[in-house]
$ cat my_file_33.pdb   # PDB, C-alpha atoms
ATOM      1  CA  MET A   1      31.886   8.367   5.948  1.00  0.00           C
ATOM      2  CA  THR A   2      31.689  10.276   9.215  1.00  0.00           C
ATOM      3  CA  ALA A   3      33.470   8.613  12.152  1.00  0.00           C
ATOM      4  CA  ILE A   4      30.950   7.510  14.757  1.00  0.00           C
ATOM      5  CA  GLY A   5      32.730   4.799  16.738  1.00  0.00           C
ATOM      6  CA  ARG A   6      32.877   6.963  19.851  1.00  0.00           C
ATOM      7  CA  GLY A   7      29.308   8.245  19.439  1.00  0.00           C
ATOM      8  CA  GLY A   8      27.628  10.651  17.056  1.00  0.00           C
ATOM      9  CA  VAL A   9      24.802  11.301  14.633  1.00  0.00           C
ATOM     10  CA  ARG A  10      24.315  10.081  11.087  1.00  0.00           C
ATOM     11  CA  ASN A  11      21.414  11.557   9.177  1.00  0.00           C
ATOM     12  CA  PRO A  12      19.395   9.416   6.744  1.00  0.00           C
ATOM     13  CA  TRP A  13      20.876   8.643   3.344  1.00  0.00           C
ATOM     14  CA  THR A  14      24.207  10.382   4.034  1.00  0.00           C
ATOM     15  CA  GLN A  15      26.331   7.198   4.070  1.00  0.00           C
ATOM     16  CA  PRO A  16      27.481   4.881   1.272  1.00  0.00           C
ATOM     17  CA  THR A  17      24.728   3.012  -0.578  1.00  0.00           C
ATOM     18  CA  TYR A  18      24.914  -0.432  -2.121  1.00  0.00           C
ATOM     19  CA  GLY A  19      22.809  -2.273  -4.649  1.00  0.00           C
ATOM     20  CA  TYR A  20      21.133  -5.323  -3.170  1.00  0.00           C
ATOM     21  CA  TYR A  21      19.196  -7.340  -5.723  1.00  0.00           C
ATOM     22  CA  ASN A  22      16.268  -5.144  -6.838  1.00  0.00           C
ATOM     23  CA  THR A  23      16.689  -2.417  -4.215  1.00  0.00           C
ATOM     24  CA  GLN A  24      19.463  -0.492  -2.523  1.00  0.00           C
ATOM     25  CA  PHE A  25      20.476   0.179   1.032  1.00  0.00           C
ATOM     26  CA  GLU A  26      22.480   2.694   2.999  1.00  0.00           C
ATOM     27  CA  GLN A  27      25.148   1.251   5.291  1.00  0.00           C
ATOM     28  CA  SER A  28      24.223   3.469   8.242  1.00  0.00           C
ATOM     29  CA  LEU A  29      26.540   1.842  10.786  1.00  0.00           C
ATOM     30  CA  THR A  30      29.354  -0.542   9.895  1.00  0.00           C
ATOM     31  CA  GLU A  31      30.833  -3.416  11.833  1.00  0.00           C
ATOM     32  CA  GLN A  32      34.081  -1.428  11.686  1.00  0.00           C
ATOM     33  CA  ASP A  33      32.359   1.457  13.515  1.00  0.00           C
ATOM     34  CA  THR A  34      31.429  -0.889  16.370  1.00  0.00           C
ATOM     35  CA  ALA A  35      34.415  -3.269  16.497  1.00  0.00           C
ATOM     36  CA  GLY A  36      32.226  -6.002  14.991  1.00  0.00           C
ATOM     37  CA  GLN A  37      29.410  -5.728  17.536  1.00  0.00           C
ATOM     38  CA  LEU A  38      26.678  -4.255  15.338  1.00  0.00           C
ATOM     39  CA  THR A  39      25.807  -3.348  11.768  1.00  0.00           C
ATOM     40  CA  MET A  40      22.837  -1.260  10.653  1.00  0.00           C
ATOM     41  CA  MET A  41      21.401  -0.528   7.235  1.00  0.00           C
ATOM     42  CA  ARG A  42      18.521   1.579   5.959  1.00  0.00           C
ATOM     43  CA  MET A  43      16.603  -0.103   3.147  1.00  0.00           C
ATOM     44  CA  THR A  44      13.636   0.844   1.024  1.00  0.00           C
ATOM     45  CA  LEU A  45      11.645  -2.340   0.499  1.00  0.00           C
ATOM     46  CA  ASN A  46       9.103  -3.244  -2.154  1.00  0.00           C
ATOM     47  CA  PRO A  47       6.939  -6.403  -2.248  1.00  0.00           C
ATOM     48  CA  GLU A  48       9.560  -8.194  -4.392  1.00  0.00           C
ATOM     49  CA  SER A  49      12.272  -7.536  -1.744  1.00  0.00           C
ATOM     50  CA  ALA A  50      11.088 -10.343   0.545  1.00  0.00           C
ATOM     51  CA  PRO A  51      13.790 -12.863   1.496  1.00  0.00           C
ATOM     52  CA  PRO A  52      13.102 -16.589   1.769  1.00  0.00           C
ATOM     53  CA  LEU A  53      12.139 -17.943   5.185  1.00  0.00           C
ATOM     54  CA  HIS A  54      15.506 -18.319   6.928  1.00  0.00           C
ATOM     55  CA  PHE A  55      17.370 -18.237  10.215  1.00  0.00           C
ATOM     56  CA  HIS A  56      20.727 -16.943  11.447  1.00  0.00           C
ATOM     57  CA  THR A  57      22.930 -19.096  13.680  1.00  0.00           C
ATOM     58  CA  ARG A  58      25.406 -16.375  14.660  1.00  0.00           C
ATOM     59  CA  GLU A  59      23.525 -13.128  15.140  1.00  0.00           C
ATOM     60  CA  ASP A  60      20.280 -11.581  16.247  1.00  0.00           C
ATOM     61  CA  GLU A  61      18.427  -9.389  13.764  1.00  0.00           C
ATOM     62  CA  PHE A  62      16.147  -6.442  14.420  1.00  0.00           C
ATOM     63  CA  TRP A  63      14.085  -4.018  12.388  1.00  0.00           C
ATOM     64  CA  THR A  64      12.568  -0.584  12.943  1.00  0.00           C
ATOM     65  CA  VAL A  65       9.882   0.401  10.448  1.00  0.00           C
ATOM     66  CA  VAL A  66      10.431   4.043   9.487  1.00  0.00           C
ATOM     67  CA  SER A  67       7.634   4.353   6.919  1.00  0.00           C
ATOM     68  CA  GLY A  68       5.115   2.065   5.291  1.00  0.00           C
ATOM     69  CA  ARG A  69       3.863  -1.194   6.802  1.00  0.00           C
ATOM     70  CA  VAL A  70       5.662  -4.527   6.903  1.00  0.00           C
ATOM     71  CA  ARG A  71       4.359  -8.046   7.554  1.00  0.00           C
ATOM     72  CA  PHE A  72       6.674 -10.384   9.503  1.00  0.00           C
ATOM     73  CA  TRP A  73       6.600 -14.173   9.669  1.00  0.00           C
ATOM     74  CA  LEU A  74       8.386 -15.429  12.797  1.00  0.00           C
ATOM     75  CA  GLY A  75       9.140 -18.716  14.489  1.00  0.00           C
ATOM     76  CA  GLY A  76       7.828 -21.477  12.250  1.00  0.00           C
ATOM     77  CA  SER A  77       9.418 -24.017   9.953  1.00  0.00           C
ATOM     78  CA  THR A  78       7.040 -22.972   7.125  1.00  0.00           C
ATOM     79  CA  LEU A  79       5.279 -19.712   6.303  1.00  0.00           C
ATOM     80  CA  GLU A  80       1.999 -21.335   7.326  1.00  0.00           C
ATOM     81  CA  SER A  81       3.328 -22.293  10.777  1.00  0.00           C
ATOM     82  CA  CYS A  82       4.907 -18.901  11.569  1.00  0.00           C
ATOM     83  CA  ALA A  83       3.339 -16.271  13.778  1.00  0.00           C
ATOM     84  CA  VAL A  84       2.335 -13.438  11.443  1.00  0.00           C
ATOM     85  CA  GLN A  85       2.456  -9.869  12.698  1.00  0.00           C
ATOM     86  CA  GLU A  86       2.152  -6.512  10.979  1.00  0.00           C
ATOM     87  CA  ALA A  87       4.423  -3.608  11.873  1.00  0.00           C
ATOM     88  CA  ASP A  88       3.391   0.023  11.451  1.00  0.00           C
ATOM     89  CA  PRO A  89       5.742   3.040  11.269  1.00  0.00           C
ATOM     90  CA  GLY A  90       7.761   3.249  14.490  1.00  0.00           C
ATOM     91  CA  ALA A  91       7.423  -0.476  15.239  1.00  0.00           C
ATOM     92  CA  PHE A  92      10.422  -2.421  16.511  1.00  0.00           C
ATOM     93  CA  VAL A  93      10.717  -6.117  15.626  1.00  0.00           C
ATOM     94  CA  PHE A  94      13.225  -8.562  17.109  1.00  0.00           C
ATOM     95  CA  GLY A  95      14.373 -11.823  15.524  1.00  0.00           C
ATOM     96  CA  PRO A  96      16.709 -13.784  17.813  1.00  0.00           C
ATOM     97  CA  ARG A  97      19.322 -16.076  16.284  1.00  0.00           C
ATOM     98  CA  ASN A  98      18.030 -19.538  15.349  1.00  0.00           C
ATOM     99  CA  VAL A  99      14.432 -18.272  15.020  1.00  0.00           C
ATOM    100  CA  PRO A 100      13.131 -18.558  11.428  1.00  0.00           C
ATOM    101  CA  HIS A 101      11.780 -15.353   9.926  1.00  0.00           C
ATOM    102  CA  THR A 102      11.018 -13.373   6.810  1.00  0.00           C
ATOM    103  CA  PHE A 103       9.224 -10.129   6.030  1.00  0.00           C
ATOM    104  CA  GLN A 104       7.456  -8.309   3.214  1.00  0.00           C
ATOM    105  CA  THR A 105       6.143  -4.797   2.793  1.00  0.00           C
ATOM    106  CA  ILE A 106       2.374  -4.440   2.864  1.00  0.00           C
ATOM    107  CA  THR A 107       2.524  -1.023   1.265  1.00  0.00           C
ATOM    108  CA  GLU A 108       4.018  -0.200  -2.141  1.00  0.00           C
ATOM    109  CA  THR A 109       7.286   0.613  -0.371  1.00  0.00           C
ATOM    110  CA  ALA A 110       8.511   0.719   3.208  1.00  0.00           C
ATOM    111  CA  GLU A 111      11.658   2.211   4.671  1.00  0.00           C
ATOM    112  CA  VAL A 112      13.186  -0.002   7.343  1.00  0.00           C
ATOM    113  CA  LEU A 113      16.269   0.120   9.549  1.00  0.00           C
ATOM    114  CA  ILE A 114      17.756  -3.383   9.755  1.00  0.00           C
ATOM    115  CA  GLY A 115      20.417  -4.325  12.285  1.00  0.00           C
ATOM    116  CA  ASN A 116      22.460  -7.394  13.119  1.00  0.00           C
ATOM    117  CA  THR A 117      24.461  -8.100  16.227  1.00  0.00           C
ATOM    118  CA  PRO A 118      27.221  -9.044  15.980  1.00  0.00           C
ATOM    119  CA  GLY A 119      27.797  -7.232  12.710  1.00  0.00           C
ATOM    120  CA  VAL A 120      29.712  -9.763  10.614  1.00  0.00           C
ATOM    121  CA  LEU A 121      26.836 -10.440   8.169  1.00  0.00           C
ATOM    122  CA  GLU A 122      27.388  -6.969   6.687  1.00  0.00           C
ATOM    123  CA  GLY A 123      29.894  -8.442   4.201  1.00  0.00           C
ATOM    124  CA  TYR A 124      27.187 -10.526   2.584  1.00  0.00           C
ATOM    125  CA  PHE A 125      24.845  -7.581   2.026  1.00  0.00           C
ATOM    126  CA  THR A 126      27.516  -5.272   0.624  1.00  0.00           C
ATOM    127  CA  GLY A 127      28.785  -8.027  -1.670  1.00  0.00           C
ATOM    128  CA  VAL A 128      25.559  -9.154  -3.389  1.00  0.00           C
ATOM    129  CA  GLY A 129      25.197  -6.258  -5.838  1.00  0.00           C
ATOM    130  CA  SER A 130      22.288  -5.099  -7.974  1.00  0.00           C
ATOM    131  CA  ALA A 131      20.000  -7.339 -10.024  1.00  0.00           C
ATOM    132  CA  ASP A 132      16.614  -7.066 -11.704  1.00  0.00           C
ATOM    133  CA  ALA A 133      15.153  -9.505  -9.176  1.00  0.00           C
ATOM    134  CA  ARG A 134      16.196 -11.515  -6.129  1.00  0.00           C
ATOM    135  CA  HIS A 135      18.327 -14.567  -6.873  1.00  0.00           C
ATOM    136  CA  ASP A 136      18.766 -15.939  -3.358  1.00  0.00           C
ATOM    137  CA  ASP A 137      19.414 -19.497  -4.555  1.00  0.00           C
ATOM    138  CA  ALA A 138      22.570 -18.271  -6.289  1.00  0.00           C
ATOM    139  CA  ASN A 139      23.986 -17.168  -2.917  1.00  0.00           C
ATOM    140  CA  THR A 140      23.136 -20.043  -0.556  1.00  0.00           C
ATOM    141  CA  ASP A 141      26.769 -21.171  -0.236  1.00  0.00           C
ATOM    142  CA  VAL A 142      27.891 -17.661   0.697  1.00  0.00           C
ATOM    143  CA  LEU A 143      25.063 -17.267   3.202  1.00  0.00           C
ATOM    144  CA  GLU A 144      25.832 -20.620   4.793  1.00  0.00           C
ATOM    145  CA  ASP A 145      29.420 -19.410   5.278  1.00  0.00           C
ATOM    146  CA  TYR A 146      27.826 -16.629   7.378  1.00  0.00           C
ATOM    147  CA  GLY A 147      25.643 -19.126   9.274  1.00  0.00           C
ATOM    148  CA  VAL A 148      22.380 -18.228   7.505  1.00  0.00           C
ATOM    149  CA  PHE A 149      20.155 -21.044   6.213  1.00  0.00           C
ATOM    150  CA  PHE A 150      17.030 -20.979   4.017  1.00  0.00           C
ATOM    151  CA  ILE A 151      14.211 -23.275   5.129  1.00  0.00           C
ATOM    152  CA  GLY A 152      11.355 -22.124   2.916  1.00  0.00           C
ATOM    153  CA  PRO A 153      10.317 -19.816   0.102  1.00  0.00           C
ATOM    154  CA  ALA A 154       9.817 -16.081   0.285  1.00  0.00           C
ATOM    155  CA  PRO A 155       6.233 -14.948   0.793  1.00  0.00           C
ATOM    156  CA  VAL A 156       4.382 -14.204  -2.434  1.00  0.00           C
ATOM    157  CA  TRP A 157       2.418 -10.995  -2.065  1.00  0.00           C
ATOM    158  CA  SER A 158      -0.522 -12.116  -4.214  1.00  0.00           C
ATOM    159  CA  ASP A 159      -0.941 -15.305  -2.122  1.00  0.00           C
ATOM    160  CA  TRP A 160      -1.809 -13.496   1.100  1.00  0.00           C
ATOM    161  CA  ASN A 161      -2.947 -10.028   0.002  1.00  0.00           C
ATOM    162  CA  ASN A 162      -6.367 -10.847  -1.449  1.00  0.00           C
TER     163      ASN A 162
END

$ encode --input "my_file_33.pdb" --output "structure tokens"
Amino acid sequence: MTAIGRGGVRNPWTQPTYGYYNTQFEQSLTEQDTAGQLTMMRMTLNPESAPPLHFHTREDEFWTVVSGRVRFWLGGSTLESCAVQEADPGAFVFGPRNVPHTFQTITETAEVLIGNTPGVLEGYFTGVGSADARHDDANTDVLEDYGVFFIGPAPVWSDWNN
């Protein structure tokens, strides 16, 4: 991994990759690079990559859509009560700590940069590993140790994409 802590450039898909359920991600910027202030990953999403509706108590989260289109649910205690917004390539989305959110690609795949500040949550993502499908319920205790809490199910693509 190229040192970047004092500034620099990292080109796409040149850093270590990790399996994360049914997809993989590149750890573009580590918490070690930023003394714990920020972590950034590049992920290729598919409709089955959607996380449950959740919130973070310790960090803000943000996304930049690189390709594809992504639907975001923000700010409600259920999917139905969230504000729903669609993000095109180049869009920036911000999810402050304690604000419930989830997201799902609208297109077959979408490439997204995902960041957290501070960067401590990185350990969860690098530790999950590969699987044929998401098994979020198997990791609730670990997530709660990171201050992340599920409050509802993940969006189901066929429910809203008719």

$ atom_distance --input "my_file_33.pdb" --atom1 "atom CA of A:Gly115" --atom2 "atom CA of A:Phe149"
17.8 Å

$ residues_around --input "my_file_33.pdb" --residues "A:Leu74" --least-positions-apart "4" --cutoff "6 Å" --atoms "only C-alpha atoms" --output "ChimeraX atom specification"
/A:82-83,100-101

$ atom_distance --input "my_file_33.pdb" --atom1 "atom CA of A:Ser158" --atom2 "atom CA of A:Asn22"
18.4 Å

$ resolve_selection --input "my_file_33.pdb" --expression "the PyMOL selection byres ((chain A and resi 105) around 7)" --output "mmCIF file with C-alpha atoms, in the coordinates of the input"
data_model
loop_
_atom_site.group_PDB
_atom_site.id
_atom_site.type_symbol
_atom_site.label_atom_id
_atom_site.label_comp_id
_atom_site.auth_asym_id
_atom_site.auth_seq_id
_atom_site.Cartn_x
_atom_site.Cartn_y
_atom_site.Cartn_z
ATOM 1 C CA LEU A 45 11.645 -2.340 0.499
ATOM 2 C CA ASN A 46 9.103 -3.244 -2.154
ATOM 3 C CA PRO A 47 6.939 -6.403 -2.248
ATOM 4 C CA ARG A 69 3.863 -1.194 6.802
ATOM 5 C CA VAL A 70 5.662 -4.527 6.903
ATOM 6 C CA ARG A 71 4.359 -8.046 7.554
ATOM 7 C CA PHE A 103 9.224 -10.129 6.030
ATOM 8 C CA GLN A 104 7.456 -8.309 3.214
ATOM 9 C CA ILE A 106 2.374 -4.440 2.864
ATOM 10 C CA THR A 107 2.524 -1.023 1.265
ATOM 11 C CA THR A 109 7.286 0.613 -0.371
ATOM 12 C CA ALA A 110 8.511 0.719 3.208
#

$ residues_near_point --input "my_file_33.pdb" --point "(9.8, -21.0, 3.6)" --cutoff "9 Å" --atoms "only C-alpha atoms" --output "tab-separated table (two decimals) with C-alpha atoms, in the frame of the given file"
chain	number	residue	atom	x	y	z
A	52	PRO	CA	13.10	-16.59	1.77
A	53	LEU	CA	12.14	-17.94	5.18
A	54	HIS	CA	15.51	-18.32	6.93
A	76	GLY	CA	7.83	-21.48	12.25
A	77	SER	CA	9.42	-24.02	9.95
A	78	THR	CA	7.04	-22.97	7.12
A	79	LEU	CA	5.28	-19.71	6.30
A	80	GLU	CA	2.00	-21.34	7.33
A	100	PRO	CA	13.13	-18.56	11.43
A	101	HIS	CA	11.78	-15.35	9.93
A	102	THR	CA	11.02	-13.37	6.81
A	150	PHE	CA	17.03	-20.98	4.02
A	151	ILE	CA	14.21	-23.28	5.13
A	152	GLY	CA	11.36	-22.12	2.92
A	153	PRO	CA	10.32	-19.82	0.10
A	154	ALA	CA	9.82	-16.08	0.28
A	155	PRO	CA	6.23	-14.95	0.79

$ residues_around --input "my_file_33.pdb" --residues "A:Gln32" --least-positions-apart "6" --cutoff "10 Å" --atoms "all atoms listed in the file" --output "mmCIF file with C-alpha atoms, keeping the file's coordinate frame"
data_model
loop_
_atom_site.group_PDB
_atom_site.id
_atom_site.type_symbol
_atom_site.label_atom_id
_atom_site.label_comp_id
_atom_site.auth_asym_id
_atom_site.auth_seq_id
_atom_site.Cartn_x
_atom_site.Cartn_y
_atom_site.Cartn_z
ATOM 1 C CA ILE A 4 30.950 7.510 14.757
ATOM 2 C CA GLY A 5 32.730 4.799 16.738
ATOM 3 C CA LEU A 38 26.678 -4.255 15.338
ATOM 4 C CA THR A 39 25.807 -3.348 11.768
ATOM 5 C CA GLY A 119 27.797 -7.232 12.710
ATOM 6 C CA VAL A 120 29.712 -9.763 10.614
#

$ residues_around --input "my_file_33.pdb" --residues "A:Thr126" --least-positions-apart "3" --cutoff "9 Å" --atoms "all atoms listed in the file" --output "list in words"
Thr17, Tyr18, Gly19, Tyr20, Phe25, Gln27, Glu122, Gly123 and Gly129 of chain A

$ atom_distance --input "my_file_33.pdb" --atom1 "atom CA of A:Arg6" --atom2 "atom CA of A:Met40"
15.9 Å

$ resolve_selection --input "my_file_33.pdb" --expression "the PyMOL selection byres ((chain A and resi 92) around 7)" --output "PyMOL selection string"
chain A and resi 63-65+90-91+93-94

$ residues_around --input "my_file_33.pdb" --residues "A:Pro118" --least-positions-apart "3" --cutoff "7 Å" --atoms "all atoms listed in the file" --output "list in words"
Gly36, Gln37, Leu38 and Glu59 of chain A

$ resolve_selection --input "my_file_33.pdb" --expression "the PyMOL selection byres ((chain A and resi 57) around 6)" --output "PyMOL selection string"
chain A and resi 56+58+97-98+147

$ axis_aligned_box --input "my_file_33.pdb" --around "stretch 73-78 of chain A" --padding-each-side "4 Å" --output "JSON"
{"center_x": 8.0, "center_y": -19.1, "center_z": 10.8, "size_x": 10.8, "size_y": 17.8, "size_z": 15.4}

$ closest_residue --input "my_file_33.pdb" --among "A:Leu29, A:Val99, A:Ala50, A:Val148" --to "A:His135" --atoms "only C-alpha atoms"
A:Ala50

$ closest_residue --input "my_file_33.pdb" --among "A:Gly7, A:Pro16, A:Pro89, A:Gly95" --to "A:Gly68" --atoms "all atoms listed in the file"
A:Pro89

$ residues_around --input "my_file_33.pdb" --residues "A:Thr14" --least-positions-apart "5" --cutoff "12 Å" --atoms "all atoms listed in the file" --output "list in words"
Met1, Thr2, Val9, Phe25, Glu26, Gln27, Ser28, Leu29, Met41 and Arg42 of chain A

$ write_last_selection --input "my_file_33.pdb" --atoms "C-alpha atoms" --output "mmCIF file, in the frame of the given file"
data_model
loop_
_atom_site.group_PDB
_atom_site.id
_atom_site.type_symbol
_atom_site.label_atom_id
_atom_site.label_comp_id
_atom_site.auth_asym_id
_atom_site.auth_seq_id
_atom_site.Cartn_x
_atom_site.Cartn_y
_atom_site.Cartn_z
ATOM 1 C CA MET A 1 31.886 8.367 5.948
ATOM 2 C CA THR A 2 31.689 10.276 9.215
ATOM 3 C CA VAL A 9 24.802 11.301 14.633
ATOM 4 C CA PHE A 25 20.476 0.179 1.032
ATOM 5 C CA GLU A 26 22.480 2.694 2.999
ATOM 6 C CA GLN A 27 25.148 1.251 5.291
ATOM 7 C CA SER A 28 24.223 3.469 8.242
ATOM 8 C CA LEU A 29 26.540 1.842 10.786
ATOM 9 C CA MET A 41 21.401 -0.528 7.235
ATOM 10 C CA ARG A 42 18.521 1.579 5.959
#
